[in-house]
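Novice: Structure supplied as protein.csv; contents: CSV, C-alpha atoms.
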chain,number,residue,atom,x,y,z
E,1,MET,CA,0.0,0.0,0.0
E,2,GLN,CA,1.4,3.4,-0.9
E,3,ASN,CA,-0.1,6.6,0.5
E,4,LYS,CA,2.4,9.2,-0.8
E,5,ASP,CA,-0.4,11.3,-2.3
E,6,LYS,CA,-2.6,11.4,0.8
E,7,LYS,CA,-3.4,14.9,1.9
E,8,GLY,CA,-5.3,16.4,4.9
E,9,ASN,CA,-5.7,19.6,6.7
E,10,LYS,CA,-4.4,20.2,10.2
E,11,GLY,CA,-7.6,18.9,11.8
E,12,GLU,CA,-7.5,15.7,9.7
E,13,TRP,CA,-3.8,15.1,10.3
E,14,SER,CA,-4.4,15.8,14.0
E,15,GLU,CA,-7.0,13.0,14.1
E,16,PHE,CA,-4.4,10.6,12.6
E,17,TYR,CA,-1.9,11.8,15.2
E,18,ALA,CA,-4.3,11.2,18.0
E,19,PHE,CA,-4.8,7.6,16.7
E,20,LEU,CA,-1.0,7.1,16.8
E,21,LYS,CA,-0.7,8.7,20.3
E,22,ILE,CA,-3.4,6.4,21.7
E,23,LEU,CA,-1.7,3.3,20.2
E,24,THR,CA,1.7,4.2,21.8
E,25,ASP,CA,0.5,5.7,25.1
E,26,ARG,CA,-2.1,3.0,25.6
E,27,LYS,CA,-4.1,5.2,27.9
E,28,LEU,CA,-6.3,8.3,27.8
E,29,PHE,CA,-5.9,10.9,30.5
E,30,ALA,CA,-8.9,12.8,31.7
E,31,ALA,CA,-8.8,16.6,31.8
E,32,ASP,CA,-10.2,19.2,34.1
E,33,GLU,CA,-12.4,22.1,33.0
E,34,ASN,CA,-9.2,24.1,32.0
E,35,LEU,CA,-7.9,21.3,29.8
E,36,GLU,CA,-5.2,20.3,32.2
E,37,ILE,CA,-4.3,16.6,32.6
E,38,ILE,CA,-5.6,14.9,35.8
E,39,SER,CA,-2.6,12.7,36.4
E,40,ASP,CA,-4.3,10.1,38.5
E,41,ARG,CA,-7.4,9.7,36.3
E,42,PHE,CA,-6.9,7.8,33.1
E,43,TYR,CA,-8.5,5.0,31.1
E,44,LEU,CA,-6.5,2.0,29.8
E,45,VAL,CA,-7.0,1.3,26.1
E,46,LEU,CA,-7.2,-2.3,25.1
E,47,TYR,CA,-8.1,-1.9,21.4
E,48,VAL,CA,-8.4,0.9,18.9
E,49,ILE,CA,-10.9,0.5,16.0
E,50,LYS,CA,-10.4,2.4,12.7
E,51,ASN,CA,-13.1,2.3,10.1
E,52,GLU,CA,-11.6,2.2,6.6
E,53,LEU,CA,-13.0,2.5,3.1
E,54,GLY,CA,-16.6,1.2,2.7
E,55,SER,CA,-17.7,-0.9,5.6
E,56,SER,CA,-14.3,-2.5,6.4
E,57,LYS,CA,-12.6,-1.8,9.6
E,58,LYS,CA,-9.3,-2.7,11.3
E,59,VAL,CA,-8.8,-3.4,15.0
E,60,TYR,CA,-5.5,-2.5,16.6
E,61,ASP,CA,-4.9,-4.9,19.5
E,62,ILE,CA,-2.7,-3.4,22.2
E,63,SER,CA,-4.0,-5.5,25.1
E,64,GLU,CA,-1.5,-8.3,25.3
E,65,ASP,CA,2.1,-7.0,24.8
E,66,GLU,CA,3.1,-3.4,25.7
E,67,ASN,CA,5.8,-3.5,23.0
E,68,THR,CA,3.7,-4.7,20.0
E,69,ILE,CA,0.6,-3.8,18.1
E,70,SER,CA,-1.4,-6.5,16.4
E,71,ILE,CA,-3.5,-5.4,13.4
E,72,VAL,CA,-6.6,-7.5,12.8
E,73,ASP,CA,-9.0,-7.3,9.9
E,74,GLU,CA,-12.8,-7.4,10.0
E,75,ASN,CA,-12.7,-11.2,9.8
E,76,GLY,CA,-10.5,-11.6,12.8
E,77,ASN,CA,-7.3,-12.4,10.8
E,78,ILE,CA,-4.0,-10.9,12.0
E,79,ILE,CA,-2.7,-8.8,9.1
E,80,ASP,CA,0.5,-7.7,10.8
E,81,THR,CA,2.3,-7.3,14.1
E,82,ILE,CA,4.5,-4.2,14.5
E,83,LEU,CA,6.7,-2.8,17.2
E,84,ASN,CA,5.6,0.2,19.3
E,85,SER,CA,9.0,1.7,18.7
E,86,ASP,CA,8.3,1.7,14.9
E,87,ILE,CA,5.7,4.5,15.3
E,88,SER,CA,6.4,6.3,18.6
E,89,THR,CA,9.3,8.5,17.4
E,90,LYS,CA,7.8,9.1,14.0
E,91,SER,CA,4.6,10.2,15.6
E,92,ILE,CA,6.4,13.0,17.4
E,93,ASN,CA,8.0,14.1,14.1
E,94,LEU,CA,4.5,14.0,12.5
E,95,PHE,CA,3.1,16.3,15.2
E,96,ASN,CA,5.8,18.9,14.5
E,97,ARG,CA,5.1,18.7,10.8
E,98,ILE,CA,1.4,19.2,11.4
E,99,LYS,CA,2.1,22.3,13.5
E,100,ASN,CA,4.2,23.8,10.8
E,101,GLY,CA,1.9,22.8,8.0
E,102,SER,CA,0.3,25.2,5.6
E,103,LYS,CA,-3.4,26.2,5.4
E,104,GLY,CA,-5.7,23.8,3.6
E,105,ALA,CA,-4.8,20.3,2.6
E,106,PHE,CA,-1.2,19.2,2.5
E,107,SER,CA,0.8,15.9,2.4
E,108,ILE,CA,3.4,14.7,5.0
E,109,ASP,CA,5.8,12.1,3.9
E,110,ILE,CA,6.4,10.7,7.4
E,111,GLY,CA,2.6,10.5,7.8
E,112,SER,CA,2.3,8.5,4.6
E,113,ASP,CA,5.0,6.2,5.9
E,114,LEU,CA,3.1,5.6,9.1
E,115,MET,CA,-0.1,4.9,7.2
E,116,ASP,CA,1.8,2.2,5.2
E,117,ILE,CA,3.2,0.7,8.4
E,118,LEU,CA,-0.2,0.6,10.0
E,119,HIS,CA,-2.1,-0.5,6.9
E,120,CYS,CA,-4.3,2.6,6.9
E,121,SER,CA,-6.1,3.6,3.7
E,122,LYS,CA,-7.3,6.9,4.9
E,123,ILE,CA,-6.1,9.7,7.2
E,124,LYS,CA,-9.6,10.1,8.7
E,125,SER,CA,-11.8,7.2,9.7
E,126,GLU,CA,-15.1,6.8,7.9
E,127,SER,CA,-17.8,8.1,10.3
E,128,THR,CA,-21.5,7.7,10.3
E,129,ASN,CA,-22.1,9.7,13.5
E,130,LYS,CA,-20.1,12.1,15.6
E,131,SER,CA,-17.4,9.6,16.6
E,132,ASP,CA,-14.0,10.1,14.9
E,133,ILE,CA,-12.4,7.1,16.6
E,134,SER,CA,-13.6,4.1,18.6
E,135,VAL,CA,-11.8,2.3,21.4
E,136,ILE,CA,-12.3,-0.4,23.9
E,137,LEU,CA,-11.3,0.6,27.4
E,138,TYR,CA,-10.5,-1.4,30.5
E,139,ASP,CA,-13.2,-0.4,32.9
E,140,GLN,CA,-13.6,-1.7,36.4
E,141,LYS,CA,-17.2,-0.5,36.4
E,142,THR,CA,-18.1,-2.6,33.4
E,143,PRO,CA,-17.5,-6.4,33.6
E,144,SER,CA,-17.4,-6.8,29.8
E,145,PRO,CA,-15.7,-3.9,28.0
E,146,SER,CA,-17.7,-2.4,25.1
E,147,GLU,CA,-16.8,-0.2,22.2
E,148,VAL,CA,-17.1,3.5,22.8
E,149,GLY,CA,-16.7,6.4,20.3
E,150,PHE,CA,-14.9,9.7,20.8
E,151,SER,CA,-15.0,12.8,18.7
E,152,ILE,CA,-11.6,14.4,18.2
E,153,LYS,CA,-10.9,18.1,18.3
E,154,SER,CA,-7.5,19.7,17.5
E,155,MET,CA,-6.2,22.9,19.0
E,156,ILE,CA,-3.6,23.1,16.2
E,157,GLY,CA,-4.6,25.5,13.5
E,158,ALA,CA,-7.9,27.4,13.2
E,159,PRO,CA,-10.4,26.8,16.0
E,160,SER,CA,-13.1,24.3,14.9
E,161,THR,CA,-16.8,24.8,15.1
E,162,LEU,CA,-19.0,23.1,17.7
E,163,LEU,CA,-22.3,24.0,15.9
E,164,ASN,CA,-22.2,24.7,12.2
E,165,ALA,CA,-24.4,27.5,10.8
E,166,GLY,CA,-27.2,26.8,8.3
E,167,LYS,CA,-30.6,28.0,7.4
E,168,THR,CA,-31.7,25.4,10.0
E,169,THR,CA,-30.1,27.5,12.8
E,170,ASN,CA,-31.9,30.8,12.0
E,171,PHE,CA,-34.1,32.4,14.8
E,172,VAL,CA,-37.0,34.5,13.6
E,173,TYR,CA,-37.7,37.9,15.4
E,174,LYS,CA,-40.8,40.0,14.9
E,175,ILE,CA,-40.0,43.8,15.0
E,176,LEU,CA,-42.7,45.5,17.0
E,177,ASN,CA,-43.6,49.2,16.6
E,178,LEU,CA,-41.6,49.7,13.5
E,179,SER,CA,-43.1,52.1,10.9
E,180,ILE,CA,-40.6,53.1,8.2
E,181,ASP,CA,-40.6,53.9,4.5
E,182,LYS,CA,-38.7,52.0,1.9
E,183,LYS,CA,-35.8,54.4,1.9
E,184,THR,CA,-35.3,54.0,5.7
E,185,LEU,CA,-35.6,50.2,5.3
E,186,ASN,CA,-32.9,50.2,2.7
E,187,ILE,CA,-30.7,52.4,4.9
E,188,LEU,CA,-31.1,50.0,7.8
E,189,ASN,CA,-30.4,46.9,5.6
E,190,SER,CA,-27.3,48.5,4.1
E,191,LYS,CA,-25.6,48.7,7.5
E,192,SER,CA,-22.9,46.0,7.6
E,193,ARG,CA,-22.6,45.9,11.4
E,194,PHE,CA,-25.4,44.1,13.2
E,195,SER,CA,-24.9,46.4,16.3
E,196,GLU,CA,-25.6,49.4,14.1
E,197,LYS,CA,-28.6,47.7,12.4
E,198,ILE,CA,-30.2,46.8,15.7
E,199,SER,CA,-29.6,50.2,17.3
E,200,GLY,CA,-31.0,51.7,14.1
E,201,ILE,CA,-34.2,49.6,14.6
E,202,LYS,CA,-34.4,50.9,18.2
E,203,ASN,CA,-33.9,54.5,17.1
E,204,GLU,CA,-36.9,54.0,14.8
E,205,GLY,CA,-39.0,52.8,17.7
E,206,GLY,CA,-38.8,49.1,16.9
E,207,LYS,CA,-38.2,46.2,19.2
E,208,LEU,CA,-37.0,42.7,18.4
E,209,ILE,CA,-39.3,40.1,19.9
E,210,PHE,CA,-38.5,36.4,19.5
E,211,GLU,CA,-41.1,34.7,17.3
E,212,LYS,CA,-39.8,31.2,16.6
E,213,VAL,CA,-36.9,29.0,15.6
E,214,GLY,CA,-36.9,28.9,11.8
E,215,ASN,CA,-36.5,25.1,11.6
E,216,ASN,CA,-39.1,23.0,13.3
E,217,THR,CA,-36.8,20.1,14.0
E,218,PHE,CA,-34.1,22.3,15.6
E,219,SER,CA,-36.9,24.0,17.6
E,220,SER,CA,-38.1,20.6,18.9
E,221,ASN,CA,-34.5,19.5,19.7
E,222,LEU,CA,-33.9,22.7,21.7
E,223,ARG,CA,-37.2,22.2,23.7
E,224,LYS,CA,-35.9,18.8,24.8
E,225,ILE,CA,-33.2,20.7,26.8
E,226,ASP,CA,-36.0,22.8,28.3
E,227,SER,CA,-39.4,24.1,27.0
E,228,ILE,CA,-38.1,27.7,27.4
E,229,PHE,CA,-34.7,27.1,26.0
E,230,PRO,CA,-35.3,28.5,22.5
E,231,LYS,CA,-36.2,31.8,24.1
E,232,ILE,CA,-33.0,31.7,26.2
E,233,ILE,CA,-30.9,31.2,23.0
E,234,SER,CA,-32.9,33.9,21.2
E,235,SER,CA,-32.0,36.4,24.0
E,236,MET,CA,-28.4,35.4,23.9
E,237,LEU,CA,-28.3,36.0,20.2
E,238,ILE,CA,-29.6,39.6,20.6
E,239,ILE,CA,-26.8,40.2,23.1
E,240,TYR,CA,-24.2,38.8,20.7
E,241,TYR,CA,-25.5,40.7,17.6
E,242,GLU,CA,-25.7,43.9,19.6
E,243,GLY,CA,-22.0,43.6,20.2
E,244,ARG,CA,-22.2,43.1,24.0
E,245,GLY,CA,-20.3,39.8,24.1
E,246,SER,CA,-19.2,36.8,22.0
E,247,THR,CA,-18.0,34.1,24.4
E,248,LEU,CA,-20.7,32.0,26.1
E,249,GLN,CA,-19.4,33.2,29.5
E,250,ASP,CA,-19.7,36.9,28.6
E,251,ILE,CA,-23.1,36.5,26.9
E,252,TYR,CA,-24.4,34.7,30.0
E,253,SER,CA,-23.1,37.4,32.3
E,254,GLU,CA,-24.9,40.0,30.1
E,255,LEU,CA,-28.1,38.0,30.0
E,256,ILE,CA,-28.5,37.6,33.8
E,257,GLU,CA,-28.1,41.4,34.2
E,258,ASP,CA,-30.6,42.3,31.4
E,259,GLU,CA,-34.0,42.5,33.0
E,260,ASP,CA,-35.7,43.3,29.7
E,261,LEU,CA,-34.4,40.0,28.1
E,262,LEU,CA,-35.1,38.1,31.3
E,263,SER,CA,-38.6,39.3,31.7
E,264,ASP,CA,-40.1,36.3,29.8
E,265,ILE,CA,-37.8,33.7,31.2
E,266,ASP,CA,-39.1,32.4,34.5
E,267,MET,CA,-35.9,30.7,35.5
E,268,GLU,CA,-33.2,31.0,38.2
E,269,HIS,CA,-29.7,32.1,37.0
E,270,ASP,CA,-28.0,28.8,37.8
E,271,THR,CA,-30.7,26.9,36.0
E,272,ILE,CA,-30.1,29.0,32.9
E,273,MET,CA,-26.4,28.2,33.1
E,274,LEU,CA,-27.1,24.5,33.5
E,275,ASN,CA,-29.4,24.5,30.4
E,276,ILE,CA,-26.7,26.3,28.4
E,277,LYS,CA,-24.2,23.7,29.4
E,278,GLU,CA,-26.6,20.8,28.7
E,279,PHE,CA,-27.1,22.3,25.2
E,280,LEU,CA,-23.4,22.5,24.5
E,281,ILE,CA,-22.7,18.9,25.6
E,282,ALA,CA,-25.8,17.8,23.6
E,283,ILE,CA,-24.4,19.5,20.4
E,284,ALA,CA,-20.9,18.0,21.1
E,285,LEU,CA,-22.1,14.5,21.6
E,286,GLY,CA,-25.2,14.0,19.5
E,287,MET,CA,-27.7,16.7,18.6
E,288,THR,CA,-27.7,18.2,15.1
E,289,PRO,CA,-30.1,20.9,14.0
E,290,ASN,CA,-31.8,19.1,11.1
E,291,THR,CA,-32.3,15.6,12.6
E,292,ASN,CA,-34.8,14.7,15.3
E,293,TRP,CA,-32.9,14.2,18.5
E,294,ASP,CA,-33.9,11.4,20.8
E,295,GLY,CA,-32.0,12.9,23.7
E,296,LEU,CA,-29.2,10.3,23.5
E,297,MET,CA,-25.5,10.9,23.0
E,298,LYS,CA,-24.3,9.5,19.7
E,299,THR,CA,-20.7,9.8,20.7
E,300,SER,CA,-20.8,7.4,23.6
E,301,GLY,CA,-17.4,8.0,25.0
E,302,GLY,CA,-16.8,11.7,24.8
E,303,TYR,CA,-14.2,14.1,23.4
E,304,ILE,CA,-10.5,13.7,22.7
E,305,ILE,CA,-8.6,16.9,22.4
E,306,VAL,CA,-5.2,17.3,20.7
E,307,LYS,CA,-3.4,20.1,22.7
E,308,GLU,CA,-0.9,22.5,21.2
E,309,ASN,CA,2.0,20.8,23.0
E,310,GLY,CA,1.1,17.4,21.5
E,311,ASP,CA,-0.6,15.9,24.6
E,312,ILE,CA,-4.0,14.4,24.1
E,313,VAL,CA,-6.7,14.5,26.8
E,314,CYS,CA,-10.2,13.2,27.0
E,315,TYR,CA,-13.5,14.1,28.5
E,316,HIS,CA,-15.3,10.8,29.1
E,317,VAL,CA,-18.9,10.5,30.0
E,318,TYR,CA,-17.7,9.7,33.5
E,319,ASN,CA,-16.3,13.3,34.0
E,320,ARG,CA,-19.3,14.9,32.2
E,321,ASP,CA,-19.4,17.9,34.6
E,322,LYS,CA,-15.8,18.9,33.7
E,323,PHE,CA,-16.6,18.5,30.0
E,324,MET,CA,-19.6,20.8,30.3
E,325,ASP,CA,-17.5,23.4,32.2
E,326,TYR,CA,-14.8,23.2,29.5
E,327,LEU,CA,-17.3,23.8,26.7
E,328,PHE,CA,-18.9,26.7,28.5
E,329,LYS,CA,-15.5,28.4,29.1
E,330,ASN,CA,-14.1,27.7,25.6
E,331,THR,CA,-16.8,28.5,23.1
E,332,ARG,CA,-18.2,31.6,21.4
E,333,PHE,CA,-20.9,32.7,19.1
E,334,GLU,CA,-19.8,33.6,15.5
E,335,THR,CA,-21.4,35.3,12.6
E,336,ALA,CA,-21.7,33.1,9.5
E,337,SER,CA,-22.4,34.1,5.9
E,338,THR,CA,-25.5,36.2,5.9
E,339,THR,CA,-26.2,35.6,2.2
E,340,ARG,CA,-25.7,31.8,2.3
E,341,HIS,CA,-27.8,31.3,5.4
E,342,GLY,CA,-30.5,33.9,4.8
E,343,PHE,CA,-30.3,36.2,7.8
E,344,GLY,CA,-29.6,39.7,8.8
E,345,LYS,CA,-32.1,41.5,6.5
E,346,ILE,CA,-35.3,43.2,7.7
E,347,TYR,CA,-38.2,41.9,5.6
E,348,LYS,CA,-41.9,42.4,5.6
E,349,GLU,CA,-44.6,39.8,5.6
E,350,LYS,CA,-48.3,40.6,5.9
E,351,ASN,CA,-47.6,44.2,6.9
E,352,LYS,CA,-45.3,43.1,9.7
E,353,TYR,CA,-41.5,43.4,9.9
E,354,TYR,CA,-39.2,40.5,10.7
E,355,MET,CA,-35.5,39.8,10.9
E,356,ASN,CA,-33.6,36.5,11.2
E,357,LEU,CA,-30.5,36.0,13.4
E,358,ASN,CA,-28.3,33.0,13.0
E,359,LEU,CA,-26.7,30.7,15.6
E,360,GLN,CA,-23.1,29.4,15.0
E,361,ILE,CA,-20.8,28.3,17.8
E,362,ARG,CA,-17.0,28.0,17.5
E,363,PHE,CA,-14.3,27.0,19.9
E,364,VAL,CA,-12.3,29.9,21.2
E,365,LYS,CA,-9.1,28.1,20.4
If you convert what's in this file into structure tokens, what do you get?
Specialist:
Amino acid sequence: MQNKDKKGNKGEWSEFYAFLKILTDRKLFAADENLEIISDRFYLVLYVIKNELGSSKKVYDISEDENTISIVDENGNIIDTILNSDISTKSINLFNRIKNGSKGAFSIDIGSDLMDILHCSKIKSESTNKSDISVILYDQKTPSPSEVGFSIKSMIGAPSTLLNAGKTTNFVYKILNLSIDKKTLNILNSKSRFSEKISGIKNEGGKLIFEKVGNNTFSSNLRKIDSIFPKIISSMLIIYYEGRGSTLQDIYSELIEDEDLLSDIDMEHDTIMLNIKEFLIAIALGMTPNTNWDGLMKTSGGYIIVKENGDIVCYHVYNRDKFMDYLFKNTRFETASTTRHGFGKIYKEKNKYYMNLNLQIRFVK
């Protein structure tokens, strides 16, 4: 097998690096809410499963001998047995090449060599859900170990999105008390900054009132967090687009001080924060805007994060609270393409004015 022409971006190469790091370290360290390793909390890895082209998969058995890796095909046949030392040093060199890589997709010769050694046909695993890699852990709490999936996020390169924008993530606002002519409407719509546009609406006597989530499926999913949760997000979006905060922490701080926005939310401050955290972890582990969510986490293990220093840490379902705290502290709202996703313009329907605001969430770093 030759993989000299294989290319990937920093995120995709980071996923392959995480795969190598797990094979050689043979354990996953848990992290606290600040992404620091908890040295006395780790999970021993017995097998790593990599889904390949089509429906095929390979199992990397590291349960027997700490110095070797047995590669097993989908029929249980041993393809090859390699030494740990064959990949440990090269994986460090691969990490340094990833950090220094260019924007977009690029090839790495040592990465291609490692793919050949490990009989990998693709940098990224094939994925049908939010899991990027599957492992079998030694777990004292479970008598028979089961396969669990992890999503992989890299801190190398540009921050990744937690929730991607789409027309499905638009929130619809009715504009009350707005009476303007076509010229004024064009002036307001021509403003490039949302903060100027919203202040312009207020100066004309208008007020944004949340009407609905544009997509019924996403609306239903949000209400599974809490029946009032769509209204909470809608209030947070107003704060963001007014320019009063972008990180989830800052927006929350603004929200609980804004009596006008809180007037329709009959909920304690700590309950609002808990709902926000529950939403973030739901998005991270299972919920998508355009698919009916059953409330279950599709990524059954959690998150693996490749840190800037080459360490990898994980948030397992067993340290769920730490994971929620991490997400809350390390995510922000972001403005996506207004033209592509159909938001940001004041429009008129049945003699009433409306405007859509869009939800996209990205990691801070």
Novice: Just the residues within 9 Å of stretch 247-252 of chain E, please, counting all atoms listed in the file, with nothing from its chain fewer than 5 positions along; format it as a PyMOL selection string.
Specialist: chain E and resi 236-237+239-240+257+272-273+276+327-333+364
Novice: Find, counting all atoms listed in the file, the residue in E:Tyr347, E:Phe218, E:Tyr173, E:Phe150 that gets nearest to E:Leu285.
Specialist: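 Of E:Tyr347, E:Phe218, E:Tyr173, E:Phe150, the one nearest E:Leu285, counting all atoms listed in the file, is E:Phe150.
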Novice: Using only C-alpha atoms, which residues sit within 12 Å of E:Lys191 once same-chain residues fewer than 4 positions away are excluded, as a compact mmCIF listing (two decimals) with C-alpha atoms, in the frame of the given file?
Specialist:
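Final file, part_8.txt:
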# COMPACT_ATOMS: atom_id res chain seq x y z
CA THR E 184 -35.30 54.00 5.70
CA LEU E 185 -35.60 50.20 5.30
CA ASN E 186 -32.90 50.20 2.70
CA ILE E 187 -30.70 52.40 4.90
CA SER E 195 -24.90 46.40 16.30
CA GLU E 196 -25.60 49.40 14.10
CA LYS E 197 -28.60 47.70 12.40
CA ILE E 198 -30.20 46.80 15.70
CA SER E 199 -29.60 50.20 17.30
CA GLY E 200 -31.00 51.70 14.10
CA ILE E 201 -34.20 49.60 14.60
CA GLY E 344 -29.60 39.70 8.80
CA LYS E 345 -32.10 41.50 6.50
CA ILE E 346 -35.30 43.20 7.70
Novice: Between atom CA of E:Thr169 and atom CA of E:Asn358, measure the distance and give it in Å to one decimal.
Specialist: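 Atom-to-atom, atom CA of E:Thr169 and atom CA of E:Asn358 are spaced 5.8 Å apart.
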Novice: Name all residues at most 9 Å from stretch 77-89 of chain E (count all atoms listed in the file; drop same-chain ones fewer than 6 positions away) and give them as a PDB file with C-alpha atoms, in the coordinates of the input.
Specialist:
ATOM      1  CA  LEU E  20      -1.000   7.100  16.800  1.00  0.00           C
ATOM      2  CA  LYS E  21      -0.700   8.700  20.300  1.00  0.00           C
ATOM      3  CA  LEU E  23      -1.700   3.300  20.200  1.00  0.00           C
ATOM      4  CA  THR E  24       1.700   4.200  21.800  1.00  0.00           C
ATOM      5  CA  ASP E  25       0.500   5.700  25.100  1.00  0.00           C
ATOM      6  CA  GLU E  66       3.100  -3.400  25.700  1.00  0.00           C
ATOM      7  CA  ASN E  67       5.800  -3.500  23.000  1.00  0.00           C
ATOM      8  CA  THR E  68       3.700  -4.700  20.000  1.00  0.00           C
ATOM      9  CA  ILE E  69       0.600  -3.800  18.100  1.00  0.00           C
ATOM     10  CA  SER E  70      -1.400  -6.500  16.400  1.00  0.00           C
ATOM     11  CA  ILE E  71      -3.500  -5.400  13.400  1.00  0.00           C
ATOM     12  CA  LEU E 114       3.100   5.600   9.100  1.00  0.00           C
ATOM     13  CA  ILE E 117       3.200   0.700   8.400  1.00  0.00           C
ATOM     14  CA  LEU E 118      -0.200   0.600  10.000  1.00  0.00           C
ATOM     15  CA  HIS E 119      -2.100  -0.500   6.900  1.00  0.00           C
TER      16      HIS E 119
END
